[in-house]
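Student: So that you have it, the file is protein34.cif, and it contains mmCIF, C-alpha atoms and all ligand atoms:
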data_work
#
loop_
_atom_site.group_PDB
_atom_site.id
_atom_site.type_symbol
_atom_site.label_atom_id
_atom_site.label_comp_id
_atom_site.auth_asym_id
_atom_site.auth_seq_id
_atom_site.Cartn_x
_atom_site.Cartn_y
_atom_site.Cartn_z
ATOM 1 C CA MET R 1 -155.961 -23.855 21.119
ATOM 2 C CA PRO R 2 -153.432 -22.101 18.902
ATOM 3 C CA LEU R 3 -150.230 -20.857 20.381
ATOM 4 C CA ARG R 4 -150.024 -17.142 20.999
ATOM 5 C CA PHE R 5 -147.751 -15.015 18.798
ATOM 6 C CA GLY R 6 -145.935 -13.860 21.933
ATOM 7 C CA ARG R 7 -144.645 -17.343 22.687
ATOM 8 C CA LEU R 8 -143.327 -17.810 19.152
ATOM 9 C CA LEU R 9 -141.741 -14.370 19.315
ATOM 10 C CA VAL R 10 -139.991 -15.158 22.601
ATOM 11 C CA ALA R 11 -138.657 -18.376 21.038
ATOM 12 C CA GLY R 12 -137.309 -16.366 18.095
ATOM 13 C CA LEU R 13 -135.715 -13.687 20.272
ATOM 14 C CA LEU R 14 -134.073 -16.318 22.475
ATOM 15 C CA ALA R 15 -132.810 -18.258 19.451
ATOM 16 C CA GLY R 16 -131.474 -14.953 18.108
ATOM 17 C CA LEU R 17 -129.600 -14.219 21.327
ATOM 18 C CA ILE R 18 -128.000 -17.690 21.261
ATOM 19 C CA ALA R 19 -127.094 -17.265 17.583
ATOM 20 C CA GLY R 20 -125.679 -13.780 18.194
ATOM 21 C CA LEU R 21 -123.492 -14.961 21.077
ATOM 22 C CA ILE R 22 -122.082 -17.869 19.067
ATOM 23 C CA ALA R 23 -121.605 -15.766 15.916
ATOM 24 C CA GLY R 24 -119.881 -13.108 18.029
ATOM 25 C CA THR R 25 -117.504 -15.693 19.467
ATOM 26 C CA PHE R 26 -116.744 -16.923 15.950
ATOM 27 C CA ALA R 27 -116.208 -13.338 14.800
ATOM 28 C CA TYR R 28 -113.850 -12.674 17.701
ATOM 29 C CA PHE R 29 -111.529 -15.522 16.709
ATOM 30 C CA ALA R 30 -111.927 -15.396 12.914
ATOM 31 C CA GLY R 31 -112.485 -11.679 12.325
ATOM 32 C CA GLU R 32 -110.748 -9.587 14.974
ATOM 33 C CA PRO R 33 -107.173 -10.411 13.862
ATOM 34 C CA ARG R 34 -108.120 -9.156 10.369
ATOM 35 C CA ILE R 35 -109.701 -5.964 11.714
ATOM 36 C CA ASP R 36 -106.608 -5.289 13.825
ATOM 37 C CA ALA R 37 -104.395 -5.741 10.779
ATOM 38 C CA ALA R 38 -106.621 -3.459 8.696
ATOM 39 C CA ILE R 39 -106.684 -0.766 11.388
ATOM 40 C CA ALA R 40 -102.878 -0.865 11.535
ATOM 41 C CA ILE R 41 -102.855 -0.142 7.792
ATOM 42 C CA GLU R 42 -105.492 2.566 8.220
ATOM 43 C CA GLU R 43 -103.374 4.269 10.886
ATOM 44 C CA GLN R 44 -100.317 4.166 8.670
ATOM 45 C CA ASN R 45 -102.304 5.673 5.816
ATOM 46 C CA THR R 46 -104.246 8.421 7.503
ATOM 47 C CA LEU R 47 -102.058 9.262 10.517
ATOM 48 C CA GLY R 48 -104.714 10.646 12.773
ATOM 49 C CA HIS R 49 -107.964 11.007 10.928
ATOM 50 C CA GLY R 50 -110.525 8.358 10.148
ATOM 51 C CA GLU R 51 -112.892 7.032 12.741
ATOM 52 C CA ALA R 52 -110.881 4.144 14.119
ATOM 53 C CA GLY R 53 -107.470 5.734 13.980
ATOM 54 C CA GLY R 54 -105.811 8.314 16.167
ATOM 55 C CA GLY R 55 -107.412 11.251 17.930
ATOM 56 C CA GLU R 56 -109.242 10.795 21.210
ATOM 57 C CA GLU R 57 -110.966 7.427 21.240
ATOM 58 C CA LEU R 58 -114.521 7.266 22.517
ATOM 59 C CA VAL R 59 -114.246 3.513 22.961
ATOM 60 C CA SER R 60 -110.923 1.720 23.349
ATOM 61 C CA ARG R 61 -109.911 -0.942 20.841
ATOM 62 C CA GLY R 62 -109.891 -3.464 23.670
ATOM 63 C CA THR R 63 -113.587 -2.815 24.419
ATOM 64 C CA GLN R 64 -114.578 -2.693 20.740
ATOM 65 C CA LYS R 65 -112.994 -6.093 20.152
ATOM 66 C CA ASN R 66 -114.828 -8.144 22.747
ATOM 67 C CA VAL R 67 -117.685 -6.405 24.613
ATOM 68 C CA GLY R 68 -118.630 -4.219 21.649
ATOM 69 C CA LEU R 69 -118.420 -7.026 19.113
ATOM 70 C CA ILE R 70 -120.470 -9.500 21.158
ATOM 71 C CA LEU R 71 -123.023 -6.791 22.007
ATOM 72 C CA ALA R 72 -123.418 -5.958 18.323
ATOM 73 C CA THR R 73 -123.830 -9.565 17.158
ATOM 74 C CA SER R 74 -126.193 -10.335 20.055
ATOM 75 C CA LEU R 75 -128.498 -7.366 19.433
ATOM 76 C CA TYR R 76 -128.396 -8.064 15.688
ATOM 77 C CA GLY R 77 -129.133 -11.750 16.353
ATOM 78 C CA ILE R 78 -132.079 -10.854 18.600
ATOM 79 C CA ALA R 79 -133.495 -8.607 15.869
ATOM 80 C CA MET R 80 -133.075 -11.312 13.214
ATOM 81 C CA GLY R 81 -134.610 -13.908 15.560
ATOM 82 C CA GLY R 82 -137.621 -11.634 15.991
ATOM 83 C CA PHE R 83 -137.976 -11.255 12.225
ATOM 84 C CA LEU R 84 -137.700 -15.036 11.794
ATOM 85 C CA ALA R 85 -140.403 -15.706 14.403
ATOM 86 C CA THR R 86 -142.700 -13.049 12.913
ATOM 87 C CA GLY R 87 -142.166 -14.396 9.403
ATOM 88 C CA TYR R 88 -142.743 -17.913 10.665
ATOM 89 C CA THR R 89 -146.020 -16.975 12.335
ATOM 90 C CA LEU R 90 -147.371 -15.179 9.274
ATOM 91 C CA LEU R 91 -146.078 -17.626 6.649
ATOM 92 C CA ARG R 92 -146.259 -21.030 8.362
ATOM 93 C CA ARG R 93 -149.512 -21.999 6.632
ATOM 94 C CA ARG R 94 -148.049 -21.154 3.233
ATOM 95 C CA LEU R 95 -144.992 -23.333 3.757
ATOM 96 C CA ARG R 96 -146.108 -26.652 2.405
ATOM 97 C CA THR R 97 -144.552 -28.993 4.898
ATOM 98 C CA GLY R 98 -145.933 -30.879 7.867
ATOM 99 C CA SER R 99 -142.646 -30.512 9.692
ATOM 100 C CA ASP R 100 -142.104 -27.436 11.846
ATOM 101 C CA THR R 101 -138.369 -28.147 11.836
ATOM 102 C CA ARG R 102 -138.257 -28.040 8.050
ATOM 103 C CA ALA R 103 -140.354 -24.888 8.003
ATOM 104 C CA ALA R 104 -138.108 -23.116 10.540
ATOM 105 C CA ILE R 105 -134.832 -24.172 8.944
ATOM 106 C CA GLY R 106 -136.204 -23.486 5.466
ATOM 107 C CA LEU R 107 -137.135 -19.929 6.438
ATOM 108 C CA ALA R 108 -133.720 -19.354 8.014
ATOM 109 C CA ALA R 109 -132.045 -20.711 4.876
ATOM 110 C CA ALA R 110 -134.186 -18.394 2.734
ATOM 111 C CA ALA R 111 -133.138 -15.440 4.895
ATOM 112 C CA LEU R 112 -129.469 -16.490 4.751
ATOM 113 C CA THR R 113 -129.677 -16.611 0.972
ATOM 114 C CA GLY R 114 -131.590 -13.361 0.558
ATOM 115 C CA ILE R 115 -129.946 -11.100 3.094
ATOM 116 C CA VAL R 116 -126.442 -12.591 3.324
ATOM 117 C CA LEU R 117 -125.395 -14.514 0.207
ATOM 118 C CA VAL R 118 -127.001 -12.299 -2.459
ATOM 119 C CA PRO R 119 -125.655 -9.057 -0.900
ATOM 120 C CA PHE R 120 -122.230 -10.642 -0.263
ATOM 121 C CA VAL R 121 -121.565 -11.307 -3.938
ATOM 122 C CA LYS R 122 -122.610 -7.819 -5.087
ATOM 123 C CA TYR R 123 -121.241 -5.795 -2.185
ATOM 124 C CA PRO R 124 -118.632 -7.870 -0.346
ATOM 125 C CA PRO R 125 -117.989 -6.411 3.121
ATOM 126 C CA ASN R 126 -114.892 -4.298 3.644
ATOM 127 C CA PRO R 127 -112.508 -3.980 6.585
ATOM 128 C CA PRO R 128 -111.437 -0.606 8.003
ATOM 129 C CA ALA R 129 -109.104 1.292 5.626
ATOM 130 C CA VAL R 130 -111.228 0.295 2.617
ATOM 131 C CA GLY R 131 -114.032 2.541 1.370
ATOM 132 C CA ASP R 132 -114.479 6.203 0.567
ATOM 133 C CA PRO R 133 -116.368 7.998 3.397
ATOM 134 C CA ALA R 134 -117.855 10.358 0.798
ATOM 135 C CA THR R 135 -119.923 7.533 -0.733
ATOM 136 C CA ILE R 136 -121.195 5.954 2.505
ATOM 137 C CA ASP R 137 -124.802 7.120 2.049
ATOM 138 C CA GLN R 138 -125.003 5.794 -1.488
ATOM 139 C CA ARG R 139 -123.363 2.483 -0.460
ATOM 140 C CA THR R 140 -125.772 2.114 2.461
ATOM 141 C CA THR R 141 -128.770 2.631 0.173
ATOM 142 C CA SER R 142 -127.409 0.123 -2.351
ATOM 143 C CA TYR R 143 -126.743 -2.398 0.424
ATOM 144 C CA LEU R 144 -130.314 -2.143 1.708
ATOM 145 C CA ALA R 145 -131.622 -2.403 -1.853
ATOM 146 C CA VAL R 146 -129.677 -5.586 -2.621
ATOM 147 C CA LEU R 147 -130.819 -7.078 0.685
ATOM 148 C CA VAL R 148 -134.484 -6.456 -0.145
ATOM 149 C CA LEU R 149 -133.984 -7.704 -3.715
ATOM 150 C CA GLY R 150 -132.280 -10.830 -2.346
ATOM 151 C CA LEU R 151 -135.433 -11.634 -0.373
ATOM 152 C CA VAL R 152 -137.574 -10.851 -3.430
ATOM 153 C CA ALA R 153 -135.393 -13.251 -5.461
ATOM 154 C CA VAL R 154 -135.943 -16.085 -2.973
ATOM 155 C CA TRP R 155 -139.672 -15.385 -3.024
ATOM 156 C CA ALA R 156 -139.653 -15.365 -6.848
ATOM 157 C CA GLY R 157 -137.861 -18.720 -6.793
ATOM 158 C CA VAL R 158 -140.509 -20.236 -4.532
ATOM 159 C CA LEU R 159 -143.346 -18.867 -6.677
ATOM 160 C CA ALA R 160 -141.691 -20.143 -9.864
ATOM 161 C CA ALA R 161 -141.141 -23.589 -8.352
ATOM 162 C CA ARG R 162 -144.789 -23.801 -7.393
ATOM 163 C CA THR R 163 -145.926 -23.376 -10.985
ATOM 164 C CA GLN R 164 -144.531 -26.855 -11.777
ATOM 165 C CA THR R 165 -145.487 -30.333 -10.648
ATOM 166 C CA HIS R 166 -142.570 -32.661 -11.396
ATOM 167 C CA GLU R 167 -139.782 -32.375 -8.864
ATOM 168 C CA TRP R 168 -136.990 -31.708 -11.351
ATOM 169 C CA ARG R 169 -139.101 -29.064 -13.063
ATOM 170 C CA ARG R 170 -139.857 -27.456 -9.714
ATOM 171 C CA ALA R 171 -136.164 -27.309 -8.874
ATOM 172 C CA THR R 172 -135.255 -25.880 -12.277
ATOM 173 C CA ALA R 173 -138.057 -23.311 -12.278
ATOM 174 C CA GLY R 174 -137.230 -22.270 -8.724
ATOM 175 C CA LEU R 175 -133.580 -21.771 -9.565
ATOM 176 C CA LEU R 176 -134.444 -19.815 -12.708
ATOM 177 C CA GLY R 177 -136.879 -17.541 -10.882
ATOM 178 C CA PHE R 178 -134.234 -16.814 -8.265
ATOM 179 C CA VAL R 179 -131.368 -16.284 -10.723
ATOM 180 C CA VAL R 180 -133.373 -13.968 -13.001
ATOM 181 C CA VAL R 181 -134.233 -11.599 -10.148
ATOM 182 C CA VAL R 182 -130.671 -11.690 -8.787
ATOM 183 C CA ALA R 183 -129.234 -10.987 -12.251
ATOM 184 C CA ILE R 184 -131.562 -8.012 -12.783
ATOM 185 C CA ALA R 185 -130.712 -6.675 -9.318
ATOM 186 C CA TYR R 186 -126.967 -7.013 -9.934
ATOM 187 C CA LEU R 187 -127.246 -5.247 -13.285
ATOM 188 C CA LEU R 188 -129.374 -2.365 -12.006
ATOM 189 C CA LEU R 189 -127.498 -1.623 -8.787
ATOM 190 C CA PRO R 190 -124.382 0.561 -8.994
ATOM 191 C CA ALA R 191 -120.961 -1.048 -8.787
ATOM 192 C CA VAL R 192 -118.707 -0.272 -5.834
ATOM 193 C CA ASP R 193 -114.984 -0.364 -6.517
ATOM 194 C CA GLU R 194 -113.160 1.339 -3.669
ATOM 195 C CA VAL R 195 -110.427 -1.052 -2.551
ATOM 196 C CA PRO R 196 -107.133 0.850 -2.660
ATOM 197 C CA GLY R 197 -104.573 -0.808 -4.918
ATOM 198 C CA THR R 198 -102.143 -0.944 -2.009
ATOM 199 C CA PHE R 199 -104.456 -2.874 0.331
ATOM 200 C CA PRO R 200 -103.172 -6.465 0.818
ATOM 201 C CA ALA R 201 -105.329 -8.878 -1.215
ATOM 202 C CA VAL R 202 -104.847 -11.762 1.183
ATOM 203 C CA LEU R 203 -105.974 -9.688 4.161
ATOM 204 C CA LEU R 204 -109.053 -8.516 2.216
ATOM 205 C CA TRP R 205 -109.930 -12.120 1.320
ATOM 206 C CA LYS R 206 -109.474 -13.333 4.908
ATOM 207 C CA PHE R 207 -111.593 -10.492 6.277
ATOM 208 C CA ARG R 208 -114.395 -11.174 3.813
ATOM 209 C CA ILE R 209 -114.394 -14.903 4.543
ATOM 210 C CA ALA R 210 -114.510 -14.143 8.296
ATOM 211 C CA SER R 211 -117.448 -11.785 7.735
ATOM 212 C CA LEU R 212 -119.292 -14.322 5.595
ATOM 213 C CA GLY R 213 -118.560 -17.005 8.194
ATOM 214 C CA THR R 214 -119.942 -14.824 10.994
ATOM 215 C CA GLN R 215 -123.214 -14.329 9.156
ATOM 216 C CA VAL R 216 -123.494 -17.983 8.095
ATOM 217 C CA VAL R 217 -122.907 -19.061 11.703
ATOM 218 C CA LEU R 218 -125.531 -16.563 12.888
ATOM 219 C CA TRP R 219 -128.269 -17.757 10.528
ATOM 220 C CA THR R 220 -127.426 -21.450 10.850
ATOM 221 C CA VAL R 221 -127.518 -21.377 14.646
ATOM 222 C CA LEU R 222 -130.619 -19.189 14.537
ATOM 223 C CA GLY R 223 -132.512 -21.675 12.326
ATOM 224 C CA LEU R 224 -131.474 -24.683 14.398
ATOM 225 C CA ALA R 225 -132.116 -23.014 17.762
ATOM 226 C CA PHE R 226 -135.529 -21.731 16.639
ATOM 227 C CA ALA R 227 -136.434 -25.238 15.385
ATOM 228 C CA ALA R 228 -135.305 -26.713 18.708
ATOM 229 C CA LEU R 229 -137.386 -24.214 20.709
ATOM 230 C CA LEU R 230 -140.428 -24.875 18.499
ATOM 231 C CA HIS R 231 -139.992 -28.578 19.146
ATOM 232 C CA ARG R 232 -139.931 -27.854 22.852
ATOM 233 C CA LEU R 233 -143.130 -25.818 22.569
ATOM 234 C CA ALA R 234 -144.767 -28.592 20.545
ATOM 235 C CA THR R 235 -143.902 -31.324 23.006
ATOM 236 C CA SER R 236 -144.603 -29.341 26.179
ATOM 237 C CA THR R 237 -147.712 -27.354 25.324
ATOM 238 C CA GLY R 238 -148.899 -28.424 21.915
ATOM 239 C CA PRO R 239 -150.907 -31.441 20.835
ATOM 240 C CA ALA R 240 -149.669 -34.846 21.892
ATOM 241 C CA THR R 241 -146.692 -36.292 20.091
ATOM 242 C CA ALA R 242 -147.702 -38.347 17.100
ATOM 243 C CA GLU R 243 -146.970 -42.047 17.097
ATOM 244 C CA PRO R 244 -143.329 -42.583 16.164
ATOM 245 C CA GLY R 245 -143.017 -43.177 12.462
ATOM 246 C CA THR R 246 -146.413 -41.823 11.506
ATOM 247 C CA ARG R 247 -146.381 -38.909 9.129
ATOM 248 C CA ALA R 248 -147.853 -35.666 10.306
ATOM 249 C CA ALA R 249 -150.665 -34.239 8.224
ATOM 250 C CA ALA R 250 -149.258 -31.915 5.601
ATOM 251 C CA MET F 251 -129.985 -46.190 13.318
ATOM 252 C CA PRO F 252 -132.652 -44.242 15.231
ATOM 253 C CA LYS F 253 -135.703 -43.425 13.220
ATOM 254 C CA ALA F 254 -136.569 -39.759 12.657
ATOM 255 C CA GLN F 255 -139.533 -38.822 14.774
ATOM 256 C CA THR F 256 -142.167 -36.442 13.528
ATOM 257 C CA VAL F 257 -144.046 -34.243 15.951
ATOM 258 C CA ARG F 258 -147.417 -32.917 14.924
ATOM 259 C CA PRO F 259 -147.057 -29.283 13.743
ATOM 260 C CA LEU F 260 -147.676 -26.545 16.277
ATOM 261 C CA ALA F 261 -151.017 -24.816 16.044
ATOM 262 C CA ILE F 262 -150.111 -21.366 14.765
ATOM 263 C CA PRO F 263 -152.380 -18.374 15.509
ATOM 264 C CA ALA F 264 -154.738 -17.511 12.652
ATOM 265 C CA VAL F 265 -153.701 -14.478 10.607
ATOM 266 C CA SER F 266 -156.161 -11.818 11.771
ATOM 267 C CA THR F 267 -156.166 -8.029 11.589
ATOM 268 C CA ARG F 268 -155.178 -7.961 15.250
ATOM 269 C CA LEU F 269 -152.228 -10.308 14.648
ATOM 270 C CA LEU F 270 -151.101 -8.248 11.656
ATOM 271 C CA LEU F 271 -151.207 -5.031 13.687
ATOM 272 C CA THR F 272 -149.236 -6.660 16.515
ATOM 273 C CA ALA F 273 -146.740 -8.053 14.012
ATOM 274 C CA ALA F 274 -146.356 -4.623 12.391
ATOM 275 C CA GLY F 275 -145.604 -3.078 15.779
ATOM 276 C CA VAL F 276 -143.071 -5.799 16.552
ATOM 277 C CA VAL F 277 -141.416 -5.377 13.149
ATOM 278 C CA ILE F 278 -140.999 -1.619 13.767
ATOM 279 C CA LEU F 279 -139.298 -2.315 17.114
ATOM 280 C CA LEU F 280 -137.055 -4.965 15.516
ATOM 281 C CA LEU F 281 -136.128 -2.589 12.687
ATOM 282 C CA ALA F 282 -135.184 0.014 15.297
ATOM 283 C CA LEU F 283 -132.965 -2.560 17.046
ATOM 284 C CA ALA F 284 -131.285 -3.598 13.782
ATOM 285 C CA TYR F 285 -130.870 0.104 12.880
ATOM 286 C CA LEU F 286 -129.240 0.740 16.254
ATOM 287 C CA VAL F 287 -126.569 -1.873 15.513
ATOM 288 C CA ALA F 288 -126.109 -1.267 11.804
ATOM 289 C CA PHE F 289 -126.539 2.461 11.131
ATOM 290 C CA ASP F 290 -127.315 4.590 14.173
ATOM 291 C CA GLN F 291 -124.949 7.461 14.907
ATOM 292 C CA GLY F 292 -126.559 8.673 18.105
ATOM 293 C CA ALA F 293 -129.997 9.748 16.868
ATOM 294 C CA LEU F 294 -131.593 6.626 18.329
ATOM 295 C CA SER F 295 -129.202 5.622 21.112
ATOM 296 C CA ARG F 296 -129.021 9.186 22.522
ATOM 297 C CA SER F 297 -125.443 8.402 23.487
ATOM 298 C CA GLY F 298 -123.659 10.518 20.929
ATOM 299 C CA MET F 299 -121.272 8.330 18.982
ATOM 300 C CA TYR F 300 -120.614 6.005 21.942
ATOM 301 C CA MET F 301 -122.846 3.075 20.896
ATOM 302 C CA HIS F 302 -121.806 3.555 17.259
ATOM 303 C CA GLU F 303 -118.120 3.276 18.137
ATOM 304 C CA LEU F 304 -118.719 0.451 20.623
ATOM 305 C CA MET F 305 -120.346 -1.773 17.990
ATOM 306 C CA HIS F 306 -117.931 -0.786 15.215
ATOM 307 C CA ASP F 307 -116.294 -4.204 14.681
ATOM 308 C CA GLY F 308 -119.610 -6.024 14.735
ATOM 309 C CA ARG F 309 -120.863 -3.772 11.955
ATOM 310 C CA HIS F 310 -117.894 -4.616 9.745
ATOM 311 C CA LEU F 311 -118.141 -8.366 10.388
ATOM 312 C CA LEU F 312 -121.915 -8.398 9.865
ATOM 313 C CA GLY F 313 -121.335 -7.047 6.363
ATOM 314 C CA VAL F 314 -122.804 -3.571 6.907
ATOM 315 C CA PRO F 315 -121.091 -0.678 5.073
ATOM 316 C CA CYS F 316 -119.343 1.324 7.792
ATOM 317 C CA HIS F 317 -117.202 4.086 6.367
HETATM 318 ZN ZN ZN H 401 -115.474 0.999 10.379
#
Step by step, read the file and then write its structure as structure tokens.

Tutor:
Amino acid sequence: MPLRFGRLLVAGLLAGLIAGLIAGTFAYFAGEPRIDAAIAIEEQNTLGHGEAGGGEELVSRGTQKNVGLILATSLYGIAMGGFLATGYTLLRRRLRTGSDTRAAIGLAAAALTGIVLVPFVKYPPNPPAVGDPATIDQRTTSYLAVLVLGLVAVWAGVLAARTQTHEWRRATAGLLGFVVVVAIAYLLLPAVDEVPGTFPAVLLWKFRIASLGTQVVLWTVLGLAFAALLHRLATSTGPATAEPGTRAAA
Amino acid sequence: MPKAQTVRPLAIPAVSTRLLLTAAGVVILLLALAYLVAFDQGALSRSGMYMHELMHDGRHLLGVPCH
């Protein structure tokens, strides 16, 4: 009796909530000091306009920093967990491994590569005080485009790897397939160069590393938590546990 | 060293038209949730700019272009 999609989805959403809470905690400690520093610069620069600085505040900085941050990473994590579970359900048969853990972590790693690492290199995230509000629509479109192309690149890598039989050829073909799509995407998409010359380079670097870290934590915890919940489903409701040491049918 | 233990893979539901339709519905809801965090400026949350401002720092640290 196959599992129902609903149970896999609940596992994904729960894993996403856990990942979002942990990523939010990481972001609070690693990222908030950088955002505070950037907002201080923004306030010096603009003296009263700009969304985070001056004027009447809709939400206080204190609330943005903890409740708002954790809410954002949690809701985002839940959404990503849902996507992971849906992708897992639809693609599980095409992932050529007998191990659900490998399949779950492999999918999370593919997502991390496609929607975090590929976009990060082309459009590294910016703290407040960096970025021209006039170009936000164009930057948003480009960001979504690089995210989709990142996933396409991972998919191309998998397809390319599967054309080969020897392991080293599979690895090389997979890497080539991925790199070719990423290179084309990077060349076609517009460049963004909006960091003011006066913005401190060290602060920019620290903010970007904190942002990358937040997303890496989110996807790593999501993959592991989803794998753990699948294991729980397999041992509690699924077929009996195989004999220790025997290999599951691929 | 403990030996790695392999559990037989979960039986996954067969990909049917019904499953695809359900999945499509779920994906639309998930996209709306991700949109709410990443891009919404009140059109979806019906809270004016409140939710947008509340989740401001999360947007920056999740790598989404903000302003
Ligand atoms: Zn902002």

Student: Kindly work out which residues sit at most 10 Å from ligand ZN 401 (chain H), using only C-alpha atoms and all ligand atoms, and give the list as a list in words.

Tutor: Ile35, Ile39, Gly50, Glu51, Ala52, Gly53, Asn126, Pro127, Pro128, Ala129, Val130, Gly131 and Pro133 of chain R; His302, Glu303, Met305, His306, Asp307, Gly308, Arg309, His310, Leu311, Val314, Pro315, Cys316 and His317 of chain F

Student: So how far away is atom CA of R:Arg7 from atom CA of F:Ala284, in Å?

Tutor: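 A separation of 21.1 Å between them.
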
Student: Evaluate the PyMOL selection byres (((chain R and resi 160) around 9) and not hetatm) against this structure - the residues, as a count of residues only, please.

Tutor: 17

Student: Of the candidates R:Gly6, R:Gly82, R:Gly12, R:Gly68, which shows the shortest atom-to-atom distance to F:Leu281, using only C-alpha atoms?

Tutor: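 Among the listed residues, the smallest separation from F:Leu281 belongs to R:Gly82.
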
Student: Can you work out which one of F:Leu286, F:Met301, F:Leu280, F:Met251 has the shortest atom-to-atom distance to chain R, counting only C-alpha atoms?

Tutor: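 Under the stated criterion, the closest residue is F:Leu280.
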
Student: Given the file above and the PyMOL selection byres (((chain R and resi 135) around 12) and not hetatm), which residues are selected, and can you give them as a JSON list (two decimals) with C-alpha atoms, in the frame of the given file?

Tutor:
[["chain", "number", "residue", "atom", "x", "y", "z"],
["R", 130, "VAL", "CA", -111.23, 0.30, 2.62],
["R", 131, "GLY", "CA", -114.03, 2.54, 1.37],
["R", 132, "ASP", "CA", -114.48, 6.20, 0.57],
["R", 133, "PRO", "CA", -116.37, 8.00, 3.40],
["R", 134, "ALA", "CA", -117.86, 10.36, 0.80],
["R", 136, "ILE", "CA", -121.20, 5.95, 2.50],
["R", 137, "ASP", "CA", -124.80, 7.12, 2.05],
["R", 138, "GLN", "CA", -125.00, 5.79, -1.49],
["R", 139, "ARG", "CA", -123.36, 2.48, -0.46],
["R", 140, "THR", "CA", -125.77, 2.11, 2.46],
["R", 141, "THR", "CA", -128.77, 2.63, 0.17],
["R", 142, "SER", "CA", -127.41, 0.12, -2.35],
["R", 190, "PRO", "CA", -124.38, 0.56, -8.99],
["R", 191, "ALA", "CA", -120.96, -1.05, -8.79],
["R", 192, "VAL", "CA", -118.71, -0.27, -5.83],
["R", 193, "ASP", "CA", -114.98, -0.36, -6.52],
["R", 194, "GLU", "CA", -113.16, 1.34, -3.67],
["F", 315, "PRO", "CA", -121.09, -0.68, 5.07],
["F", 316, "CYS", "CA", -119.34, 1.32, 7.79],
["F", 317, "HIS", "CA", -117.20, 4.09, 6.37]]

Student: So which one's closest to F:Pro263, R:Ala110, R:Leu3, R:Leu203, R:Leu17? Using all atoms listed in the file, please.

Tutor: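 Smallest distance to F:Pro263 is found for R:Leu3.
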
Student: What gap, in Å, lies between atom CA of F:Ala273 and atom CA of R:Leu112?

Tutor: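 Separating atom CA of F:Ala273 from atom CA of R:Leu112 is a distance of 21.3 Å.
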
Student: Written as a PyMOL selection string, what is the full residue list that the PyMOL selection byres (((chain F and resi 261) around 6) and not hetatm) yields on the file shown?

Tutor: (chain R and resi 2-3) or (chain F and resi 260+262)

Student: For R:Arg94, which residue out of F:Ala288, F:Leu270, F:Ala254, F:Val265 is the nearest one, using only C-alpha atoms?

Tutor: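 The answer is F:Val265, which sits nearest to R:Arg94.
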
Student: Quick one, how far is atom CA of R:Leu233 from atom CA of R:Val116?

Tutor: 28.7 Å

Student: Select, from R:Val152, R:Val182, R:Leu144, R:Ala30, the residue with the minimum atom-to-atom distance to F:Tyr285, counting only C-alpha atoms.

Tutor: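 Result for the nearest residue to F:Tyr285: R:Leu144.
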
Student: Neighbouring residues of F:Ala274 were defined as those with any atom within 12 Å, considering only C-alpha atoms; residues of the same chain fewer than 3 positions away were excluded. Please report them as a short mmCIF file (atom, residue, chain, number, x, y, z; two decimals) with C-alpha atoms, keeping the file's coordinate frame.

Tutor:
data_model
loop_
_atom_site.label_atom_id
_atom_site.label_comp_id
_atom_site.auth_asym_id
_atom_site.auth_seq_id
_atom_site.Cartn_x
_atom_site.Cartn_y
_atom_site.Cartn_z
CA GLY R 82 -137.62 -11.63 15.99
CA PHE R 83 -137.98 -11.26 12.22
CA THR R 86 -142.70 -13.05 12.91
CA GLY R 87 -142.17 -14.40 9.40
CA LEU R 90 -147.37 -15.18 9.27
CA THR F 267 -156.17 -8.03 11.59
CA ARG F 268 -155.18 -7.96 15.25
CA LEU F 269 -152.23 -10.31 14.65
CA LEU F 270 -151.10 -8.25 11.66
CA LEU F 271 -151.21 -5.03 13.69
CA VAL F 277 -141.42 -5.38 13.15
CA ILE F 278 -141.00 -1.62 13.77
CA LEU F 279 -139.30 -2.32 17.11
CA LEU F 280 -137.06 -4.96 15.52
CA LEU F 281 -136.13 -2.59 12.69
#

Student: Taking every listed atom of stretch 301-311 of chain F and adding 3 Å to each side, what centre and edge lengths in Å (one decimal) does the axis-aligned box have, as lines of an AutoDock Vina configuration file?

Tutor:
center_x = -119.6
center_y = -2.4
center_z = 15.3
size_x = 12.6
size_y = 17.9
size_z = 17.2

Student: So, counting only C-alpha atoms, which residue among R:Leu189, R:Val10, R:Ala228, R:Leu75 is closest to chain F?

Tutor: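 Checking each candidate against chain F, we get R:Leu75 as the closest.
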
Student: May I have the residues within 9 Å of R:Leu84 as a PyMOL selection string, using only C-alpha atoms and disregarding those fewer than 2 positions away in the same chain?

Tutor: chain R and resi 9+12-13+16+79-82+86-89+104+107-108+111+222-223+226

Student: Find the residues around stretch 213-218 of chain R up to 9 Å (only C-alpha atoms counted), leave out those fewer than 4 positions away in its own chain, and share them as a list in words.

Tutor: Gly16, Ile18, Ala19, Gly20, Leu21, Ile22, Ala23, Gly24, Thr25, Phe26, Ala27, Ala30, Gly31, Thr73, Gly77, Leu112, Val116, Leu117, Arg208, Ile209, Leu222 and Gly223 of chain R; Leu311, Leu312 and Gly313 of chain F
